[in-house]
Amino acid sequence: MSEFQASPELLTIYLEDARSLLEALDHCLLTLEREGLDPGVVSGVLGPLHTLKGNSGMMGFAAIKEYVHRLEDVFAQIADGGIALTPAVFDQLFAGANALRDAVEQACARQGEARDLAPEKAVLDGLLRQGESESAAARRAVATGSPIPPPSPATPAAPGPVAAVEPRRSVEAHYVAAKSSTVRVDFSQLDHLLNLVGELIIARTKLLQLGKDLVETVAGRAAGRELMAAVQHVGGVSAMLQETVMDIRMLPVRHVFERFPRLVRDLAREQGKEIELILEGETTRVDKAIIDEIGEPLVHLIRNSVDHGIETPEERVARGKTRTGTILLSATQESSQVVITIMDDGSGIDASRVYRKAVERGILKGDETVTDREAVQLIFAQGFSTRESVTDVSGRGMGLDVVLKSIERLNGLVEVETVPGVGTKFIIQLPLTLAIISVLLVEVAGRTYAVPLSSVVETLRLEPGEVHRINHRETLRLRERIVPVLRLASLFGLDPGPSEDRRYVVIVGRGDKRVGIVVDRLKGQQEVVIKALDPAVTGEPPVVAGATIMGDGRVVLILDVAALFEGKRQALRGRGEHGPGALAEGRRA
Amino acid sequence: MLRKILAVDDSALIHQMYKLFLSRYKNCKLVSAMNGLEALDKLGQEEGIDLILLDINMPVMNGLEFLNRVQKEPAYQSIPVIIISTEGKEEDTIRGLKMGAKGYVKKPFQASELHGLIEKITSG
């Protein structure tokens with residue numbers, strides 16, 4: 001375009017549109033590859049391609065526009081049966097789709113076309129030439145009565161004068177999307193809205209308290225009662241408002257899942273494996289903040305299943321399995337959590353091999369005994385990797401420990417179940433939202449802290465003399481276990497006070513591990529809106545996941561339980577030079 | 001004097017462009033619809049639309065079907081329609097012109113082309 005600068009805003013809209021249109025293209029190709037020629041599927045992609053062509057033209061991306069234009073022609077030929085859908089053709093089309101995606105991303109990043117699509121366009125031209133000669137042959141075949149596949153029984157011409165004029169419209173009549181009554185909103189605005197709702201809820205709690213105080217002091221006054229009624233009404237409305245805002249932020253996991261069929265297909269082809277990916281529960285809805293974060297760990301787990309799970313067709317046949325392996329990716333909602341499972345019918349994980357490796361890597365001592373189930377969980381341990389060769393697929397230097405970390409950052413859990421020779425199942429549990437969590441409020445040296453309820457295993461009254469020192473570390477005997485003990489007071493550099501008695505211990509868990517946190521008082525549980533804290537405040541290593549503001553306006557820090565486990569050693573050394581203890585000292589100064 | 005323009009297109013990008021291109025018509029309200037059906041709703045809700053910019057290839061209800069309905073409705077017949085066409089769909093454009101559209105602009109269009117055509121159609 002010569003008359004205006006493609007503004008960043010326009011580019012953003014273009015890119016967003018283009019990405020979803022390209023997803024449609026991928027989806028169409030995958031469906032065709034799996035289910036064979038279906039004119040309905042082909043026509044379904046013509047609309048998106050047309051829009052992409054128009055948009056690219058408007059942005060002045062001539063090469064992209066030209067390529068998409070060719071692609072439209074190719075799909076029209078495919079619908080007519082002119083181009084036979086052989087594996088080679090699919091490879092060409094998938095490669096073309098990749099190139100197109102690259103070109104779009106680069107053009108947007110550089111605000112101008114950077115990638116040459118000429119070679120890919122030549123490929124399409126080749127397909128079109130081939131298609132023309134084939135459809136001529138097909139016409140001859142019809143004339144002589146030879147059998148060729150019927151075009152499509154399922155494309156009735158749309159009624160009305162429109163369909164009668166142009167034959168291709170019968171195909172396009174299928175391009176029907178649901179009536180849209182939607183509005184595009186920048187996600188940051190929703191974030192802001194949620195923050196405002198959070199403030200409102202804090203104010204509501206405050207109002208309720210004030211209202212109660214007033215009614216008690218100004219006893220029996222009608223105005224007091226009316227005020228209370230109004231406050232309660234505000235409370236009800238703001239609760240509904242909160243629910244609605246949370247609901248608006250939810251997106252179906254389809255947004256993450258839809259890229260995986262393509263991933264599995266490409267990986268399987270690369271490794272000469274035959275894999276079918278089945279998706280279930282794509283409509284399960286999760287907060288967008290989680291959707292944004294969950295992609296990477298899922299990609300990694302799926303790669304793991306393709307790499308290490310599913311065997312080659314020959315191996316599978318030798319083991320009496322079907323040639324084609326299956327990976328099932330499913331999502332379901334269970335109360336306030338979403339459970340994502342990745343299940344494959346591959347070779348499973350050999351617990352004894354994992355054990356040996358863990359000992360080799362120094363993760364386990366040779367004399368430690370663990371159950372098979374425990375041993376298998378070691379694949380998530382830092383520094384563990386049974387990978388013998390670094391393939392292109394998993395060769396990104398990422399172990400499953402990274403997966404564990406990303407899931408824990410989302411306040412989630414990941415577990416693995418496996419049966420050698422039969423298959424492996426990864427189970428990920430995630431909260432539906434990151435913005436609001438249930439916490440246990442505890443008090444230490446007169447200050448209130450919050451512990452995410454999802455990691456609290458139990459709370460106990462601490463009797464004097466129950467804490468013992470083993471190897472200079474404080475521990476607590478909890479039934480048959482020895483649990484390390486952390487003092488919240490020393491963690492934050494507060495004065496622990498003189499007496500040992502009348503204290504409580506909150507047992508938090510991460511997997512099978514437990515840590516006891518010593519506090520002065522338990523103040524009950526509450527739903528809180530998480531406010532992010534600047535890293536400058538949380539310090540290094542962070543033991544604080546965020547903060548929340550209470551009804552009385554006080555800021556309460558929320559403990560990062562996962563970090564407590566990571567930094568356990570330093571923290572248990574107490575006031576050493578490093579670790580959270582030192583951090584807390586610094587903050588007090 | 002243009003007061004209200006109804007822009008019908010299934011691309012958010014194109015709507016954004018209209019917003020830019022049509023900002024020169026001061027005091028003119030831009031009404032947007034993502035497909036023909038939504039555009040019919042908007043015609044019912046918004047009074048005094050002076051001009052319709054119409055894309056053809058849209059889901060739910062395409063531009064030609066929309067044009068067909070508009071031409072049958074005495075209340076809307078007289079509103080001038082400009083077809084915004086795309087390369088490779090020349091037959092559609094011709095058909096739209098036969099159905100009563102006043103002119104067309106081909107995507108990608110320049111602001112000046114659109115302005116020229118709008119002024120020609122609305123002044124005459």
# chains A, B, ... in the order shown; residues from 1 in each chain; ligands from 1
>>> interface_residues(of="chain B", to="chain A", cutoff="6 Å", atoms="only C-alpha atoms", output="PyMOL selection string")
chain B and resi 13+59-60+108
>>> residues_around(residues="Ala532 (chain A)", least_positions_apart="5", cutoff="9 Å", atoms="only C-alpha atoms", output="short mmCIF file (atom, residue, chain, number, x, y, z; two decimals) with N, CA and C atoms, in the first residue's frame")
data_model
loop_
_atom_site.label_atom_id
_atom_site.label_comp_id
_atom_site.auth_asym_id
_atom_site.auth_seq_id
_atom_site.Cartn_x
_atom_site.Cartn_y
_atom_site.Cartn_z
N ALA A 545 4.70 -15.98 45.65
CA ALA A 545 4.09 -16.16 44.34
C ALA A 545 3.33 -14.92 43.90
N GLY A 546 2.95 -14.10 44.87
CA GLY A 546 2.18 -12.90 44.54
C GLY A 546 1.66 -12.30 45.82
N ALA A 547 0.71 -11.40 45.66
CA ALA A 547 0.15 -10.78 46.85
C ALA A 547 -1.33 -10.61 46.65
N THR A 548 -2.02 -10.37 47.73
CA THR A 548 -3.43 -10.05 47.63
C THR A 548 -3.73 -8.93 48.62
#
>>> atom_distance(atom1="CA of Phe21 (chain B)", atom2="CA of Phe187 (chain A)")
26.3 Å
>>> select_by_dssp(residues="chain B", states="alpha helix (DSSP H)", output="PyMOL selection string")
chain B and resi 12-21+36-45+63-72+74-77+90-98+111-123
>>> residues_around(residues="Tyr504 (chain A)", least_positions_apart="5", cutoff="6 Å", atoms="only C-alpha atoms", output="list in words")
Leu460, Arg461, Leu462, Val518, Val519 and Asp520 of chain A
>>> select_by_dssp(residues="region 8-123 of chain B", states="strand (DSSP E)", output="list in words")
Val8, Lys29, Leu30, Val31, Ser32, Ala33, Leu51, Ile52, Leu53, Leu54, Asp55, Val81, Ile82, Ile83, Ile84, Ser85, Thr86, Gly103, Tyr104, Val105, Lys106 and Lys107 of chain B
>>> write_last_selection(atoms="N, CA and C atoms", output="tab-separated table (two decimals), in the first residue's frame")
chain	number	residue	atom	x	y	z
B	8	VAL	N	-19.94	-3.90	5.07
B	8	VAL	CA	-20.20	-5.32	5.29
B	8	VAL	C	-18.99	-6.11	4.80
B	29	LYS	N	-21.09	8.39	10.42
B	29	LYS	CA	-20.99	7.23	11.31
B	29	LYS	C	-20.74	5.98	10.47
B	30	LEU	N	-19.80	5.16	10.91
B	30	LEU	CA	-19.51	3.92	10.21
B	30	LEU	C	-20.16	2.77	10.97
B	31	VAL	N	-21.08	2.07	10.28
B	31	VAL	CA	-21.76	0.92	10.89
B	31	VAL	C	-21.16	-0.34	10.28
B	32	SER	N	-20.74	-1.30	11.13
B	32	SER	CA	-20.05	-2.48	10.61
B	32	SER	C	-20.88	-3.75	10.78
B	33	ALA	N	-20.80	-4.61	9.78
B	33	ALA	CA	-21.43	-5.93	9.88
B	33	ALA	C	-20.48	-6.95	9.28
B	51	LEU	N	-25.19	4.74	2.40
B	51	LEU	CA	-24.32	4.02	1.46
B	51	LEU	C	-23.94	2.67	2.07
B	52	ILE	N	-23.84	1.67	1.18
B	52	ILE	CA	-23.42	0.34	1.67
B	52	ILE	C	-22.16	-0.07	0.92
B	53	LEU	N	-21.11	-0.46	1.67
B	53	LEU	CA	-19.91	-1.04	1.07
B	53	LEU	C	-20.00	-2.54	1.29
B	54	LEU	N	-20.00	-3.31	0.21
B	54	LEU	CA	-20.39	-4.72	0.33
B	54	LEU	C	-19.33	-5.68	-0.20
B	55	ASP	N	-18.86	-6.53	0.66
B	55	ASP	CA	-18.00	-7.65	0.27
B	55	ASP	C	-18.92	-8.75	-0.24
B	81	VAL	N	-25.20	0.93	-3.37
B	81	VAL	CA	-24.32	-0.14	-2.90
B	81	VAL	C	-23.05	-0.14	-3.73
B	82	ILE	N	-21.90	-0.16	-3.05
B	82	ILE	CA	-20.62	-0.32	-3.75
B	82	ILE	C	-20.09	-1.71	-3.44
B	83	ILE	N	-19.78	-2.47	-4.46
B	83	ILE	CA	-19.23	-3.81	-4.25
B	83	ILE	C	-17.72	-3.72	-4.07
B	84	ILE	N	-17.24	-4.37	-3.03
B	84	ILE	CA	-15.80	-4.44	-2.82
B	84	ILE	C	-15.39	-5.85	-3.23
B	85	SER	N	-14.82	-5.97	-4.38
B	85	SER	CA	-14.60	-7.30	-4.93
B	85	SER	C	-13.16	-7.75	-4.76
B	86	THR	N	-12.94	-9.04	-4.96
B	86	THR	CA	-11.60	-9.60	-4.86
B	86	THR	C	-11.23	-10.22	-6.19
B	103	GLY	N	-21.56	0.54	-8.21
B	103	GLY	CA	-20.17	0.56	-8.65
B	103	GLY	C	-19.36	-0.47	-7.89
B	104	TYR	N	-18.09	-0.58	-8.22
B	104	TYR	CA	-17.27	-1.53	-7.50
B	104	TYR	C	-15.84	-1.04	-7.36
B	105	VAL	N	-15.20	-1.54	-6.32
B	105	VAL	CA	-13.78	-1.28	-6.11
B	105	VAL	C	-13.14	-2.63	-5.87
B	106	LYS	N	-11.96	-2.80	-6.45
B	106	LYS	CA	-11.31	-4.09	-6.32
B	106	LYS	C	-10.30	-4.07	-5.17
B	107	LYS	N	-10.32	-5.11	-4.33
B	107	LYS	CA	-9.30	-5.26	-3.28
B	107	LYS	C	-8.01	-5.73	-3.93
>>> atom_distance(atom1="CA of Gly421 (chain A)", atom2="CA of Leu30 (chain A)")
29.2 Å
>>> residues_around(residues="Glu274 (chain A)", least_positions_apart="6", cutoff="9 Å", atoms="only C-alpha atoms", output="VMD selection string")
chain A and resid 265 268 310 to 313 323 to 326
>>> atom_distance(atom1="CA of Phe66 (chain B)", atom2="CA of Asn35 (chain B)")
8.7 Å
>>> residues_around(residues="region 26-28 of chain B", least_positions_apart="5", cutoff="10 Å", atoms="only C-alpha atoms", output="compact mmCIF listing (two decimals) with N, CA and C atoms, in the first residue's frame")
# COMPACT_ATOMS: atom_id res chain seq x y z
N MET B 1 -24.17 15.02 1.52
CA MET B 1 -23.62 14.94 2.89
C MET B 1 -23.82 13.54 3.43
N LEU B 2 -22.73 12.85 3.63
CA LEU B 2 -22.83 11.47 4.12
C LEU B 2 -23.02 11.45 5.63
N ARG B 3 -24.01 10.70 6.08
CA ARG B 3 -24.22 10.61 7.54
C ARG B 3 -23.89 9.23 8.08
N LYS B 4 -24.30 8.19 7.30
CA LYS B 4 -24.05 6.84 7.79
C LYS B 4 -23.65 5.91 6.65
N ILE B 5 -22.57 5.18 6.88
CA ILE B 5 -22.15 4.19 5.88
C ILE B 5 -22.20 2.82 6.54
N ASP B 50 -26.82 5.90 4.25
CA ASP B 50 -26.73 6.55 2.93
C ASP B 50 -25.99 5.71 1.90
>>> residues_around(residues="Ser78 (chain B)", least_positions_apart="2", cutoff="12 Å", atoms="only C-alpha atoms", output="count of residues only")
19
